[in-house]
Amino acid sequence: MQSELSFFDLFLQAGLVVQCVMAVLVAMSILSWALIFQRSKIVHQANKSTKAFEDRFWSGVDLARLYKEVSAKGEKVEGIEHLFHSGFREFARLRAQKDSDQVAILNGSQRAMRVAHSREIDHLEKNLSVLATIGSISPYIGLFGTVWGIMNAFISLGEVQQATLQAVAPGIAEALVATAMGLFAAIPAVMAYNRFSYRVELLDNAYVNFAEEFTSILQRQTGATASVSPSGESANV
C-alpha cells in the first residue's frame, strides 16, 4: 500500500496555476492570523481601559483633577479617555469665554466628543474589512484552483489509453487541496471578523452612553454656574 502524499508533495506535483493559488492562500492565511492577534490585543486593551476609566469617573473624582490626570498621558490618550478629554477641554475653553451661553458650550463639547468618538471607532475597526475580504474570497480562490486542477487532471487522463483510478486520483487530490486551503484561510477570518465586530459594537454603545451621561453632567455644571454666578464669572468644575 502506497503511503499518503504530504501537503508538500501535493504542492510540488501540482501545476503552476494551482501552486500560485496555494501560495496566495497561504499568504492570506498568514495575514489573517496576524490581523487576528493584532485586533484581539487592541480590542482587549480598549475594553480594559474603558472599564477602568468608568470606575474612576463614577468614583466621584473632581472632573478638573481627572482631566489633568488624563492630559498627563499626552499622546497615549485613547478610547473613552479621548472622549472625556476632548469634551471637557472644549467645555472649559468655551466656558472661559464671556460671550458663550449654556447651549453653545454644550454643543461645542458634544461636537468635540463626536469627533473623538468617530476617530476611536475608526481605530477599532481598522483592518476588519481585510478580514472580511479574506473570509469572503478565500473559498472562491481555492475553488478556482480546484477547478483548474481537475480540468488538467481530466485532460491528462484523456491522453492515456487506459484510464485508471491510480492515474486520475493524484491530480484530483492536488486540486482538492486548494479548496481545503481556501476554507482553512476563510473560516478563522470570518469567525474573527464577526467576533471583533460584536465587541466593537459593544464599545461603540459604551462610548455613546458615556458621552450622553457626561453631557448631562456638564449641563448641570453650566446650570449651576449660571445660577451661582449671574454676572458671568466662571466657577470651578
# chains A, B, ... in the order shown; residues from 1 in each chain; ligands from 1
>>> residues_around(residues="stretch 207-223 of chain A", least_positions_apart="5", cutoff="8 Å", atoms="only C-alpha atoms", output="VMD selection string")
chain A and resid 80 83 to 84 91 102 106 109 to 110 113 117 237
>>> closest_atom_pairs(of="stretch 8-76 of chain A", to="stretch 138-154 of chain A", cutoff="9 Å", atoms="only C-alpha atoms", output="JSON lines")
{"residue": "A:Ala14", "atom": "CA", "partner": "A:Gly149", "partner_atom": "CA", "distance": 7.6}
{"residue": "A:Gly15", "atom": "CA", "partner": "A:Gly149", "partner_atom": "CA", "distance": 7.2}
{"residue": "A:Val17", "atom": "CA", "partner": "A:Gly145", "partner_atom": "CA", "distance": 7.1}
{"residue": "A:Val18", "atom": "CA", "partner": "A:Gly145", "partner_atom": "CA", "distance": 5.0}
{"residue": "A:Gln19", "atom": "CA", "partner": "A:Gly145", "partner_atom": "CA", "distance": 8.4}
{"residue": "A:Cys20", "atom": "CA", "partner": "A:Gly145", "partner_atom": "CA", "distance": 8.6}
{"residue": "A:Val21", "atom": "CA", "partner": "A:Gly145", "partner_atom": "CA", "distance": 5.9}
{"residue": "A:Met22", "atom": "CA", "partner": "A:Gly142", "partner_atom": "CA", "distance": 7.6}
{"residue": "A:Val24", "atom": "CA", "partner": "A:Ile141", "partner_atom": "CA", "distance": 8.6}
{"residue": "A:Leu25", "atom": "CA", "partner": "A:Ser138", "partner_atom": "CA", "distance": 6.8}
{"residue": "A:Met28", "atom": "CA", "partner": "A:Ser138", "partner_atom": "CA", "distance": 7.9}
{"residue": "A:Ser29", "atom": "CA", "partner": "A:Ser138", "partner_atom": "CA", "distance": 8.9}
>>> atom_distance(atom1="atom CA of A:Glu174", atom2="atom CA of A:Leu16")
11.7 Å
>>> atom_distance(atom1="atom CA of A:Leu124", atom2="atom CA of A:Tyr198")
11.5 Å
>>> atom_distance(atom1="atom CA of A:Ala116", atom2="atom CA of A:Thr133")
27.4 Å
>>> select_by_dssp(residues="chain A", states="alpha helix (DSSP H)", output="ChimeraX atom specification")
/A:7-13,16-57,63-71,80-95,102-125,128-158,165-228
>>> closest_residue(among="A:Ser129, A:Gly87, A:Leu183, A:Ile137", to="A:Ala112", atoms="only C-alpha atoms")
A:Gly87
>>> residues_around(residues="A:Val26", least_positions_apart="5", cutoff="9 Å", atoms="only C-alpha atoms", output="PyMOL selection string")
chain A and resi 21+31+181-182+185
>>> closest_atom_pairs(of="stretch 164-203 of chain A", to="stretch 44-58 of chain A", cutoff="12 Å", atoms="only C-alpha atoms", output="CSV")
residue,atom,partner,partner_atom,distance
A:Arg195,CA,A:His44,CA,11.9
A:Phe196,CA,A:His44,CA,10.0
A:Arg199,CA,A:Asn47,CA,8.6
A:Val200,CA,A:Asn47,CA,9.2
A:Glu201,CA,A:Asn47,CA,11.5
A:Leu202,CA,A:Asn47,CA,9.2
A:Leu203,CA,A:Asn47,CA,7.1
>>> closest_residue(among="A:Lys98, A:Ala104, A:Glu120, A:Leu35", to="A:Glu81", atoms="only C-alpha atoms")
A:Glu120
